[in-house]
>>> print(open('upload23.txt').read())   # compact mmCIF, C-alpha atoms and all ligand atoms
# COMPACT_ATOMS: atom_id res chain seq x y z
CA MET A 1 -249.62 95.71 -139.07
CA SER A 2 -247.82 96.04 -135.76
CA THR A 3 -247.67 99.69 -134.66
CA LEU A 4 -244.68 98.80 -132.49
CA TRP A 5 -242.60 98.25 -135.60
CA LYS A 6 -244.26 100.86 -137.77
CA SER A 7 -243.46 103.66 -135.33
CA ARG A 8 -239.80 102.64 -135.45
CA TYR A 9 -239.30 102.50 -139.22
CA ALA A 10 -236.49 104.83 -140.33
CA GLN A 11 -237.36 108.09 -142.02
CA ARG A 12 -235.97 106.91 -145.37
CA THR A 13 -238.47 104.05 -145.55
CA LEU A 14 -241.56 106.21 -145.17
CA GLY A 15 -242.02 107.25 -148.80
CA ILE A 16 -241.23 103.77 -150.12
CA LYS A 17 -244.19 101.77 -151.39
CA SER A 18 -244.37 98.36 -153.01
CA SER A 19 -244.50 98.85 -156.71
CA ALA A 20 -248.15 98.68 -157.80
CA ILE A 21 -246.96 97.00 -160.95
CA ARG A 22 -245.06 94.27 -159.14
CA GLU A 23 -248.27 93.56 -157.25
CA LEU A 24 -250.28 93.48 -160.48
CA LEU A 25 -247.75 91.26 -162.19
CA LYS A 26 -248.08 88.63 -159.48
CA VAL A 27 -251.37 87.69 -161.13
CA THR A 28 -249.53 86.99 -164.34
CA GLN A 29 -247.90 83.87 -162.88
CA LYS A 30 -251.04 81.91 -163.77
CA PRO A 31 -250.28 79.35 -166.51
CA GLU A 32 -253.11 80.51 -168.79
CA ILE A 33 -251.64 84.01 -169.00
CA ILE A 34 -249.12 84.89 -171.70
CA SER A 35 -246.91 87.42 -169.99
CA PHE A 36 -244.91 90.10 -171.80
CA GLY A 37 -244.49 91.67 -168.37
CA GLY A 38 -241.25 90.62 -166.65
CA GLY A 39 -237.78 91.17 -168.07
CA LEU A 40 -237.07 87.45 -167.94
CA PRO A 41 -234.57 85.66 -170.16
CA ALA A 42 -235.83 82.59 -172.05
CA PRO A 43 -235.50 79.62 -169.69
CA ASP A 44 -234.85 77.33 -172.67
CA VAL A 45 -231.48 79.00 -173.34
CA PHE A 46 -230.10 78.56 -169.83
CA PRO A 47 -226.93 76.44 -170.12
CA VAL A 48 -228.06 73.97 -167.46
CA GLU A 49 -225.68 71.14 -168.39
CA ARG A 50 -222.72 73.44 -168.56
CA PHE A 51 -223.57 74.67 -165.04
CA GLU A 52 -223.93 71.11 -163.82
CA GLN A 53 -220.46 70.19 -165.10
CA ALA A 54 -218.98 73.41 -163.70
CA CYS A 55 -220.48 72.77 -160.24
CA HIS A 56 -218.95 69.28 -160.16
CA LYS A 57 -215.58 70.56 -161.25
CA VAL A 58 -215.54 73.42 -158.77
CA LEU A 59 -216.43 71.10 -155.91
CA ALA A 60 -213.92 68.46 -156.99
CA ASP A 61 -211.01 70.86 -157.61
CA HIS A 62 -211.62 73.77 -155.24
CA GLY A 63 -214.40 72.57 -152.93
CA ALA A 64 -213.09 74.05 -149.69
CA MET A 65 -212.15 77.43 -151.20
CA ALA A 66 -215.41 77.73 -153.10
CA LEU A 67 -217.42 77.14 -149.93
CA GLN A 68 -215.35 79.56 -147.85
CA TYR A 69 -215.84 83.31 -147.27
CA GLY A 70 -214.19 85.37 -150.00
CA THR A 71 -212.89 88.89 -150.55
CA THR A 72 -215.40 91.72 -150.91
CA GLU A 73 -213.92 92.76 -154.27
CA GLY A 74 -214.72 89.35 -155.73
CA TYR A 75 -212.98 86.17 -156.92
CA GLN A 76 -209.73 87.38 -158.48
CA PRO A 77 -209.71 85.09 -161.57
CA LEU A 78 -213.29 86.16 -162.35
CA ARG A 79 -212.38 89.85 -162.02
CA GLU A 80 -209.44 89.28 -164.35
CA MET A 81 -211.60 87.42 -166.84
CA ILE A 82 -214.19 90.21 -166.84
CA ALA A 83 -211.47 92.84 -167.36
CA GLN A 84 -210.07 90.76 -170.22
CA ASN A 85 -213.51 90.21 -171.84
CA MET A 86 -214.35 93.91 -171.63
CA SER A 87 -211.10 94.88 -173.35
CA ARG A 88 -212.59 93.47 -176.56
CA TYR A 89 -215.17 96.25 -176.39
CA GLY A 90 -212.44 98.82 -175.85
CA ILE A 91 -213.02 99.11 -172.09
CA VAL A 92 -209.61 99.54 -170.49
CA ALA A 93 -209.73 98.15 -166.96
CA LYS A 94 -207.58 96.02 -164.71
CA ALA A 95 -209.01 93.57 -162.21
CA ASP A 96 -208.51 96.34 -159.61
CA ASN A 97 -211.12 98.42 -161.43
CA VAL A 98 -213.72 95.67 -161.11
CA VAL A 99 -215.90 94.73 -158.14
CA ILE A 100 -218.29 91.78 -158.35
CA THR A 101 -221.81 92.49 -157.08
CA ALA A 102 -224.94 90.46 -156.38
CA GLY A 103 -226.57 91.54 -159.64
CA SER A 104 -226.53 95.02 -161.13
CA GLN A 105 -229.42 95.76 -158.82
CA GLN A 106 -226.98 95.67 -155.92
CA ALA A 107 -224.60 97.84 -157.91
CA LEU A 108 -227.36 100.45 -158.26
CA ASP A 109 -228.05 100.30 -154.53
CA LEU A 110 -224.35 100.72 -153.70
CA ILE A 111 -224.13 103.65 -156.09
CA GLY A 112 -227.12 105.23 -154.39
CA LYS A 113 -225.43 104.72 -151.03
CA LEU A 114 -222.17 106.14 -152.31
CA LEU A 115 -223.45 109.23 -154.11
CA ILE A 116 -226.95 110.30 -153.06
CA ASN A 117 -227.75 112.65 -150.22
CA ARG A 118 -231.45 113.20 -149.49
CA GLY A 119 -232.82 115.66 -152.03
CA ASP A 120 -229.99 115.27 -154.57
CA ARG A 121 -231.21 115.40 -158.15
CA ILE A 122 -230.31 112.58 -160.54
CA LEU A 123 -230.59 113.14 -164.27
CA CYS A 124 -232.17 110.17 -165.99
CA GLU A 125 -233.99 109.27 -169.17
CA ALA A 126 -237.78 109.43 -169.46
CA PRO A 127 -238.67 106.60 -169.43
CA THR A 128 -235.94 104.83 -167.41
CA TYR A 129 -235.28 101.55 -165.58
CA LEU A 130 -237.78 101.11 -162.77
CA GLY A 131 -235.30 99.17 -160.59
CA ALA A 132 -232.86 102.09 -160.60
CA LEU A 133 -235.59 104.47 -159.44
CA GLN A 134 -236.45 102.03 -156.65
CA ALA A 135 -232.80 101.78 -155.59
CA PHE A 136 -232.19 105.54 -155.68
CA ASN A 137 -235.52 106.43 -154.02
CA VAL A 138 -234.38 104.77 -150.79
CA TYR A 139 -231.64 107.42 -150.54
CA GLY A 140 -234.11 110.26 -151.07
CA ALA A 141 -233.27 111.02 -154.72
CA GLN A 142 -235.13 113.63 -156.75
CA TYR A 143 -235.03 113.51 -160.52
CA VAL A 144 -234.54 115.59 -163.62
CA SER A 145 -235.68 113.65 -166.67
CA VAL A 146 -234.76 114.00 -170.31
CA PRO A 147 -237.01 112.34 -172.91
CA VAL A 148 -235.77 109.73 -175.39
CA ASP A 149 -236.57 109.16 -179.06
CA ASP A 150 -235.45 106.36 -181.39
CA ASP A 151 -231.82 107.52 -181.00
CA GLY A 152 -231.90 107.57 -177.21
CA MET A 153 -231.72 110.53 -174.84
CA LEU A 154 -232.43 113.93 -176.46
CA THR A 155 -229.02 115.44 -175.88
CA ASP A 156 -230.18 118.84 -177.16
CA GLN A 157 -232.14 119.09 -173.90
CA LEU A 158 -229.13 118.18 -171.79
CA ASP A 159 -227.33 121.49 -171.53
CA ALA A 160 -230.19 123.28 -169.77
CA ASN A 161 -230.80 120.32 -167.47
CA LEU A 162 -227.14 119.92 -166.56
CA ARG A 163 -226.99 123.58 -165.59
CA THR A 164 -229.40 122.77 -162.76
CA GLY A 165 -226.55 120.77 -161.20
CA PRO A 166 -227.67 117.14 -160.94
CA LYS A 167 -225.45 114.90 -158.80
CA PHE A 168 -224.93 112.40 -161.64
CA MET A 169 -226.53 111.10 -164.81
CA TYR A 170 -227.94 107.59 -164.99
CA VAL A 171 -227.90 106.44 -168.60
CA LEU A 172 -228.90 103.24 -170.45
CA PRO A 173 -227.23 103.57 -173.84
CA ASN A 174 -227.97 100.13 -175.35
CA PHE A 175 -231.47 98.79 -176.07
CA GLN A 176 -232.81 100.75 -173.17
CA ASN A 177 -235.14 99.21 -170.58
CA PRO A 178 -238.05 99.94 -171.10
CA ALA A 179 -238.08 101.65 -174.52
CA GLY A 180 -235.63 99.38 -176.40
CA VAL A 181 -233.96 102.42 -178.02
CA THR A 182 -230.20 102.93 -178.41
CA LEU A 183 -228.22 106.11 -177.89
CA CYS A 184 -226.60 106.87 -181.28
CA GLU A 185 -222.88 107.51 -181.49
CA GLY A 186 -223.18 111.24 -182.19
CA ARG A 187 -225.26 111.77 -179.07
CA ARG A 188 -222.84 109.64 -177.02
CA HIS A 189 -220.06 112.07 -177.93
CA GLU A 190 -222.26 115.06 -177.09
CA LEU A 191 -223.20 113.54 -173.76
CA ILE A 192 -219.58 112.88 -172.83
CA LEU A 193 -218.52 116.40 -173.75
CA LEU A 194 -221.37 117.99 -171.82
CA ALA A 195 -220.71 115.78 -168.79
CA ASP A 196 -217.10 116.93 -168.85
CA LYS A 197 -218.05 120.58 -169.36
CA TYR A 198 -220.30 120.61 -166.29
CA GLY A 199 -218.26 118.08 -164.27
CA ILE A 200 -221.24 115.73 -163.88
CA PRO A 201 -220.36 112.03 -163.60
CA ILE A 202 -222.20 109.31 -165.51
CA ILE A 203 -223.48 105.92 -164.37
CA GLU A 204 -223.65 103.77 -167.52
CA ASP A 205 -225.90 100.74 -167.00
CA ASP A 206 -225.31 98.20 -169.76
CA PRO A 207 -226.91 94.79 -169.17
CA TYR A 208 -227.87 94.31 -172.84
CA GLY A 209 -224.84 95.56 -174.80
CA GLN A 210 -223.90 92.05 -175.99
CA LEU A 211 -227.43 91.24 -177.10
CA ARG A 212 -227.38 93.11 -180.42
CA TYR A 213 -229.38 91.53 -183.24
CA GLU A 214 -228.53 93.94 -186.05
CA GLY A 215 -226.31 96.91 -186.86
CA GLU A 216 -222.85 97.78 -185.62
CA HIS A 217 -221.62 97.83 -182.03
CA ILE A 218 -221.38 101.41 -180.71
CA PRO A 219 -218.60 102.19 -178.20
CA PRO A 220 -219.81 102.48 -174.60
CA LEU A 221 -219.68 105.86 -172.83
CA VAL A 222 -216.88 104.63 -170.58
CA VAL A 223 -214.72 104.12 -173.69
CA LEU A 224 -215.61 107.44 -175.32
CA ASP A 225 -214.97 109.27 -172.05
CA ARG A 226 -211.50 107.85 -171.84
CA GLU A 227 -210.68 108.29 -175.53
CA ASN A 228 -212.10 111.76 -175.95
CA ILE A 229 -211.24 113.43 -172.73
CA ARG A 230 -209.19 111.61 -170.22
CA ARG A 231 -206.43 109.88 -172.16
CA ASP A 232 -205.45 108.28 -168.90
CA LYS A 233 -204.11 104.80 -169.56
CA ALA A 234 -204.03 103.84 -165.90
CA PHE A 235 -207.79 104.51 -165.58
CA THR A 236 -207.16 106.31 -162.31
CA VAL A 237 -209.64 109.01 -163.23
CA GLY A 238 -212.74 108.86 -165.34
CA ASN A 239 -216.15 110.43 -165.51
CA VAL A 240 -218.04 107.17 -166.02
CA ILE A 241 -218.89 104.24 -163.76
CA TYR A 242 -219.87 101.28 -165.92
CA LEU A 243 -222.21 98.43 -164.86
CA SER A 244 -222.88 95.11 -166.51
CA THR A 245 -224.18 91.69 -165.53
CA PHE A 246 -224.26 87.97 -166.29
CA SER A 247 -228.04 87.99 -165.79
CA LYS A 248 -228.98 88.24 -169.47
CA THR A 249 -226.08 86.29 -170.95
CA LEU A 250 -225.70 83.40 -168.47
CA ALA A 251 -228.53 83.29 -165.91
CA PRO A 252 -230.11 85.83 -163.54
CA GLY A 253 -230.45 83.28 -160.74
CA ILE A 254 -226.71 83.29 -160.04
CA ARG A 255 -226.94 87.03 -159.17
CA LEU A 256 -223.55 88.00 -160.59
CA ALA A 257 -222.71 91.38 -162.03
CA TRP A 258 -219.88 93.90 -161.89
CA ILE A 259 -218.99 97.56 -161.49
CA VAL A 260 -216.08 99.13 -163.36
CA ALA A 261 -214.74 102.32 -161.81
CA PRO A 262 -211.51 104.18 -161.02
CA GLU A 263 -209.60 102.43 -158.24
CA ASP A 264 -210.30 104.99 -155.51
CA VAL A 265 -214.04 104.71 -156.22
CA ILE A 266 -213.75 100.91 -156.07
CA VAL A 267 -212.16 101.20 -152.61
CA LYS A 268 -215.15 103.22 -151.41
CA ILE A 269 -217.70 100.87 -153.01
CA VAL A 270 -215.95 97.91 -151.41
CA GLN A 271 -216.34 99.51 -147.96
CA LEU A 272 -220.07 99.89 -148.57
CA LYS A 273 -220.48 96.41 -150.00
CA GLN A 274 -218.62 94.92 -147.05
CA ALA A 275 -221.21 96.47 -144.76
CA ALA A 276 -224.03 95.20 -146.96
CA ASP A 277 -223.14 91.54 -147.52
CA LEU A 278 -219.39 90.95 -146.96
CA HIS A 279 -219.07 89.61 -150.51
CA THR A 280 -220.96 88.07 -153.41
CA SER A 281 -221.44 84.28 -153.25
CA THR A 282 -218.00 82.64 -153.54
CA PHE A 283 -219.43 79.43 -154.92
CA ASN A 284 -221.38 81.20 -157.68
CA GLN A 285 -218.31 83.18 -158.68
CA TYR A 286 -216.18 80.02 -158.95
CA VAL A 287 -218.92 78.35 -161.00
CA ALA A 288 -219.38 81.31 -163.36
CA TYR A 289 -215.62 81.41 -163.87
CA GLU A 290 -215.56 77.68 -164.61
CA VAL A 291 -218.54 77.98 -166.99
CA ASP A 292 -216.84 80.68 -169.04
CA ARG A 293 -213.17 79.71 -168.63
CA ASP A 294 -212.63 78.63 -172.22
CA GLY A 295 -214.72 81.32 -173.87
CA PHE A 296 -218.07 79.50 -173.55
CA LEU A 297 -219.96 82.77 -173.18
CA ASP A 298 -219.07 83.93 -176.71
CA GLN A 299 -220.67 80.82 -178.21
CA HIS A 300 -223.60 80.99 -175.88
CA VAL A 301 -224.33 84.65 -176.59
CA LYS A 302 -224.50 83.78 -180.32
CA LEU A 303 -227.28 81.30 -179.54
CA ILE A 304 -229.15 83.82 -177.38
CA ARG A 305 -228.93 86.44 -180.12
CA GLN A 306 -230.39 84.02 -182.62
CA VAL A 307 -233.29 83.00 -180.37
CA TYR A 308 -234.14 86.55 -179.29
CA ARG A 309 -233.81 88.01 -182.78
CA GLU A 310 -236.43 85.54 -183.99
CA ARG A 311 -238.72 86.41 -181.07
CA ARG A 312 -238.32 90.14 -181.63
CA ASP A 313 -239.14 89.70 -185.33
CA THR A 314 -242.17 87.57 -184.50
CA MET A 315 -243.45 90.25 -182.13
CA LEU A 316 -242.86 93.04 -184.66
CA GLN A 317 -244.70 91.08 -187.36
CA ALA A 318 -247.59 90.24 -185.06
CA LEU A 319 -247.91 93.90 -184.00
CA GLU A 320 -247.99 94.91 -187.68
CA GLU A 321 -250.68 92.33 -188.35
CA TYR A 322 -252.98 92.78 -185.34
CA PHE A 323 -252.56 96.26 -183.89
CA PRO A 324 -254.64 99.26 -185.04
CA GLU A 325 -252.98 101.98 -187.11
CA GLU A 326 -253.04 104.69 -184.43
CA VAL A 327 -250.69 102.65 -182.26
CA THR A 328 -246.89 102.80 -182.81
CA TRP A 329 -243.92 100.97 -181.32
CA THR A 330 -240.12 101.01 -181.24
CA ARG A 331 -238.01 98.58 -183.32
CA PRO A 332 -235.17 97.66 -180.96
CA LYS A 333 -231.90 96.48 -182.46
CA GLY A 334 -231.21 94.34 -179.40
CA GLY A 335 -232.15 93.71 -175.78
CA LEU A 336 -235.41 92.31 -174.44
CA PHE A 337 -238.09 95.00 -174.78
CA LEU A 338 -240.11 97.12 -177.10
CA TRP A 339 -242.21 100.12 -176.21
CA VAL A 340 -245.71 100.74 -177.49
CA THR A 341 -247.26 104.22 -177.76
CA MET A 342 -251.04 104.54 -177.90
CA PRO A 343 -253.12 107.60 -178.70
CA GLU A 344 -253.39 110.46 -176.20
CA GLY A 345 -255.95 109.70 -173.50
CA THR A 346 -255.24 105.97 -173.29
CA ASP A 347 -255.19 104.64 -169.74
CA SER A 348 -252.62 101.85 -169.68
CA LEU A 349 -253.68 100.70 -166.19
CA ALA A 350 -257.26 100.18 -167.41
CA LEU A 351 -255.82 98.50 -170.48
CA PHE A 352 -253.76 96.23 -168.23
CA GLN A 353 -256.96 95.04 -166.52
CA SER A 354 -258.72 94.33 -169.81
CA ALA A 355 -255.58 92.59 -171.14
CA LEU A 356 -255.63 90.32 -168.07
CA ALA A 357 -259.23 89.44 -168.91
CA GLU A 358 -257.86 88.28 -172.31
CA ASN A 359 -255.12 86.32 -170.47
CA VAL A 360 -252.20 88.45 -171.57
CA ALA A 361 -250.01 90.84 -169.54
CA PHE A 362 -247.55 93.71 -170.08
CA VAL A 363 -246.09 96.43 -167.88
CA PRO A 364 -248.02 99.74 -168.03
CA GLY A 365 -245.74 102.68 -168.88
CA ASP A 366 -246.37 104.79 -165.75
CA SER A 367 -243.82 102.94 -163.60
CA PHE A 368 -240.89 103.97 -165.75
CA TYR A 369 -241.18 107.72 -165.22
CA ALA A 370 -239.23 109.27 -162.38
CA ASN A 371 -241.57 112.16 -161.78
CA ASN A 372 -244.83 110.23 -161.61
CA GLY A 373 -246.66 112.35 -164.18
CA GLN A 374 -249.22 111.08 -166.64
CA GLU A 375 -246.58 110.66 -169.36
CA GLY A 376 -246.53 106.88 -169.05
CA SER A 377 -250.21 106.19 -169.26
CA ARG A 378 -250.28 105.86 -173.05
CA HIS A 379 -247.36 103.44 -173.12
CA MET A 380 -246.73 99.79 -172.46
CA ARG A 381 -243.52 97.79 -172.25
CA LEU A 382 -243.53 94.43 -173.99
CA ASN A 383 -240.89 91.77 -173.32
CA PHE A 384 -240.12 89.51 -176.27
CA SER A 385 -237.42 87.22 -174.83
CA HIS A 386 -239.41 85.02 -172.49
CA SER A 387 -242.31 83.67 -174.55
CA ASN A 388 -241.80 81.39 -177.54
CA PRO A 389 -242.82 82.58 -181.04
CA GLU A 390 -246.16 80.80 -180.93
CA GLN A 391 -247.05 82.37 -177.58
CA ILE A 392 -245.87 85.75 -178.86
CA ARG A 393 -248.24 85.68 -181.83
CA GLU A 394 -251.15 84.52 -179.71
CA GLY A 395 -250.33 87.03 -176.94
CA ILE A 396 -250.22 89.95 -179.37
CA ARG A 397 -253.51 88.83 -180.91
CA ARG A 398 -255.13 88.80 -177.45
CA LEU A 399 -253.58 92.13 -176.55
CA SER A 400 -254.85 93.70 -179.76
CA LEU A 401 -258.41 92.85 -178.69
CA ALA A 402 -257.93 94.71 -175.41
CA VAL A 403 -256.26 97.66 -177.19
CA LYS A 404 -259.07 97.95 -179.74
CA THR A 405 -261.71 97.91 -177.00
CA GLN A 406 -259.85 100.59 -175.08
CA LEU A 407 -259.46 102.79 -178.18
CA ARG A 408 -263.17 102.46 -178.97
CA ALA A 409 -264.00 103.48 -175.40
CA ASN A 410 -261.75 106.56 -175.80
CA HIS A 411 -263.71 107.61 -178.87
CA VAL A 412 -267.11 107.54 -177.19
CA PRO A 413 -268.40 111.15 -177.15
CA ARG A 414 -268.75 112.49 -173.64
C1 LIG B 1 -231.24 98.38 -167.00
C2 LIG B 1 -231.12 97.33 -165.97
N1 LIG B 1 -230.25 97.49 -164.97
C3 LIG B 1 -230.09 96.56 -164.02
C4 LIG B 1 -230.85 95.41 -164.03
C5 LIG B 1 -230.66 94.42 -162.91
O1 LIG B 1 -229.98 93.31 -163.36
P1 LIG B 1 -229.40 92.19 -162.37
O2 LIG B 1 -230.17 90.94 -162.68
O3 LIG B 1 -227.96 92.08 -162.76
O4 LIG B 1 -229.58 92.64 -160.98
C6 LIG B 1 -231.76 95.19 -165.06
C7 LIG B 1 -232.59 93.97 -165.06
O5 LIG B 1 -233.50 93.79 -165.81
C8 LIG B 1 -231.91 96.17 -166.05
O6 LIG B 1 -232.77 96.04 -167.07
>>> encode(input="upload23.txt", output="structure tokens")
Amino acid sequence: MSTLWKSRYAQRTLGIKSSAIRELLKVTQKPEIISFGGGLPAPDVFPVERFEQACHKVLADHGAMALQYGTTEGYQPLREMIAQNMSRYGIVAKADNVVITAGSQQALDLIGKLLINRGDRILCEAPTYLGALQAFNVYGAQYVSVPVDDDGMLTDQLDANLRTGPKFMYVLPNFQNPAGVTLCEGRRHELILLADKYGIPIIEDDPYGQLRYEGEHIPPLVVLDRENIRRDKAFTVGNVIYLSTFSKTLAPGIRLAWIVAPEDVIVKIVQLKQAADLHTSTFNQYVAYEVDRDGFLDQHVKLIRQVYRERRDTMLQALEEYFPEEVTWTRPKGGLFLWVTMPEGTDSLALFQSALAENVAFVPGDSFYANNGQEGSRHMRLNFSHSNPEQIREGIRRLSLAVKTQLRANHVPR
């Protein structure tokens, strides 16, 4: 490595390391490995033909505009369509409350830039989304974490934690990544009331809300906040910034997502985004608009739900069949992941290595904890959307061999 460059790296980069897991997961690209590692959608449900037609139409009808620079806020018809689509979930927003970003990952980065001073504490779930930790770490975030159970964040632990004055809460209410759990309605109300009591804003990250395979839709925090507390029809104030994305419903490769926020916050985010990338790809925004113009997404999401529900059920059945009794796992009602808990003393990094020897991969739990303790080492995250049912059964069988070996090793008297 060149010392010339190294000595000039900015302070904020010094604590940033490549994720060990990302490095490990590179190995899982090999064709013989069944990977439950990445959070990848199933490639077989990508609407390739629909995209092909949309690209042709965009180029034929709006070629010059679609290839031109655009506004930082995003393509106006797409912003309007997103606002309209969200209203069906009770989210009251005008196009002016929406900014289009290059994936929710960029939204998280912009939020970090907007809100985090070095040393600020962020309240998040334990475990939480690794990508958010990576985005916030760059701005020098510290964390306060609140554990989750099958009903999401333990809100009875919130009061004490909020009294320590975190800058904001980062919450994943639906089919949480990595644990697959959902914040129940009662706790959503509690969270909103406590946030209001202490004046702590909430970032609600919701990439999976539409991918529910059973049970009833639960109103997002942004809706409850407005209904319960604000009663502000113009959405000029609000305690919640809401994020969602086309990555899991259309395709992640188009890198299109959005932020919903009060207008004055949008103005600030737009300033930061302008500095970052001027705007999100004009062409991709035109194409996504064209793809979904006549309500295509509704039909398509039905197909995705059907495919993923079957894959989730296959994984749950295979776990039941192959895994030893001492191991437990969550039963997600939607999303892409489930979360496995092994007995105390399990080393999920060692397990990862023995799983690779069986040609199967997962993400060890450690990476999803903000405070880098040992909490994660008895957990693994399994993705069920990417592999087909046959691969899922075979992958779980292989993984069970590695798990059993690891459990036997744990029992050896020292
Ligand atoms: C909770 C959560 N937030 C954000 C993202 C990033 O999504 P995008 O592809 O829109 O950048 C993901 C992706 O897996 C996610 O799980």
>>> residues_near_ligand(input="upload23.txt", ligand="ligand LIG 1 (chain B)", cutoff="6 Å", atoms="all atoms listed in the file", output="PyMOL selection string")
chain A and resi 39+103-105+129+177+205+207+245+247+252+257
>>> write_last_selection(input="upload23.txt", atoms="C-alpha atoms", output="PDB file, keeping the file's coordinate frame")
ATOM      1  CA  GLY A  39    -237.780  91.170-168.070  1.00  0.00           C
ATOM      2  CA  GLY A 103    -226.570  91.540-159.640  1.00  0.00           C
ATOM      3  CA  SER A 104    -226.530  95.020-161.130  1.00  0.00           C
ATOM      4  CA  GLN A 105    -229.420  95.760-158.820  1.00  0.00           C
ATOM      5  CA  TYR A 129    -235.280 101.550-165.580  1.00  0.00           C
ATOM      6  CA  ASN A 177    -235.140  99.210-170.580  1.00  0.00           C
ATOM      7  CA  ASP A 205    -225.900 100.740-167.000  1.00  0.00           C
ATOM      8  CA  PRO A 207    -226.910  94.790-169.170  1.00  0.00           C
ATOM      9  CA  THR A 245    -224.180  91.690-165.530  1.00  0.00           C
ATOM     10  CA  SER A 247    -228.040  87.990-165.790  1.00  0.00           C
ATOM     11  CA  PRO A 252    -230.110  85.830-163.540  1.00  0.00           C
ATOM     12  CA  ALA A 257    -222.710  91.380-162.030  1.00  0.00           C
TER      13      ALA A 257
END
>>> closest_residue(input="upload23.txt", among="A:Leu250, A:Leu158, A:Leu243, A:Ala93", to="Phe296 (chain A)", atoms="only C-alpha atoms")
A:Leu250
>>> closest_residue(input="upload23.txt", among="A:Gly238, A:Gly215, A:Pro178, A:Gly112", to="Ile200 (chain A)", atoms="only C-alpha atoms")
A:Gly238
>>> closest_residue(input="upload23.txt", among="A:Gly199, A:Gly90, A:Gly395, A:Gly70", to="Ala355 (chain A)", atoms="all atoms listed in the file")
A:Gly395
>>> atom_distance(input="upload23.txt", atom1="CA of Asn383 (chain A)", atom2="CA of Tyr308 (chain A)")
10.4 Å
>>> residues_around(input="upload23.txt", residues="region 281-285 of chain A", least_positions_apart="5", cutoff="12 Å", atoms="all atoms listed in the file", output="count of residues only")
46
>>> residues_around(input="upload23.txt", residues="Met315 (chain A)", least_positions_apart="6", cutoff="12 Å", atoms="all atoms listed in the file", output="NGL selection string")
:A and (36 or 308-309 or 321-323 or 329-332 or 336-340 or 382-397 or 399)
>>> closest_residue(input="upload23.txt", among="A:Ala135, A:Ile116, A:Val270, A:Leu303", to="Gln210 (chain A)", atoms="only C-alpha atoms")
A:Leu303
>>> residues_around(input="upload23.txt", residues="region 94-98 of chain A", least_positions_apart="5", cutoff="6 Å", atoms="only C-alpha atoms", output="VMD selection string")
chain A and resid 79 to 80 83 259 to 263
>>> atom_distance(input="upload23.txt", atom1="CA of Tyr213 (chain A)", atom2="CA of Asp313 (chain A)")
10.1 Å
>>> closest_residue(input="upload23.txt", among="A:Leu110, A:Pro343, A:Ile203, A:Val363", to="Lys268 (chain A)", atoms="all atoms listed in the file")
A:Leu110
>>> residues_near_point(input="upload23.txt", point="(-256.3, 88.7, -170.6)", cutoff="10 Å", atoms="all atoms listed in the file", output="number ranges by chain")
A: 28, 32-35, 351-361, 395, 398-399, 401-402
>>> write_last_selection(input="upload23.txt", atoms="C-alpha atoms", output="CSV table (one decimal), in the frame of the given file")
chain,number,residue,atom,x,y,z
A,28,THR,CA,-249.5,87.0,-164.3
A,32,GLU,CA,-253.1,80.5,-168.8
A,33,ILE,CA,-251.6,84.0,-169.0
A,34,ILE,CA,-249.1,84.9,-171.7
A,35,SER,CA,-246.9,87.4,-170.0
A,351,LEU,CA,-255.8,98.5,-170.5
A,352,PHE,CA,-253.8,96.2,-168.2
A,353,GLN,CA,-257.0,95.0,-166.5
A,354,SER,CA,-258.7,94.3,-169.8
A,355,ALA,CA,-255.6,92.6,-171.1
A,356,LEU,CA,-255.6,90.3,-168.1
A,357,ALA,CA,-259.2,89.4,-168.9
A,358,GLU,CA,-257.9,88.3,-172.3
A,359,ASN,CA,-255.1,86.3,-170.5
A,360,VAL,CA,-252.2,88.4,-171.6
A,361,ALA,CA,-250.0,90.8,-169.5
A,395,GLY,CA,-250.3,87.0,-176.9
A,398,ARG,CA,-255.1,88.8,-177.4
A,399,LEU,CA,-253.6,92.1,-176.6
A,401,LEU,CA,-258.4,92.8,-178.7
A,402,ALA,CA,-257.9,94.7,-175.4
>>> residues_around(input="upload23.txt", residues="His217 (chain A)", least_positions_apart="5", cutoff="10 Å", atoms="all atoms listed in the file", output="PyMOL selection string")
chain A and resi 89+174+185+209-210+212
>>> closest_residue(input="upload23.txt", among="A:Lys333, A:Arg188, A:Arg12, A:Lys167", to="Leu123 (chain A)", atoms="all atoms listed in the file")
A:Lys167
>>> atom_distance(input="upload23.txt", atom1="CA of Pro324 (chain A)", atom2="CA of Cys184 (chain A)")
29.3 Å
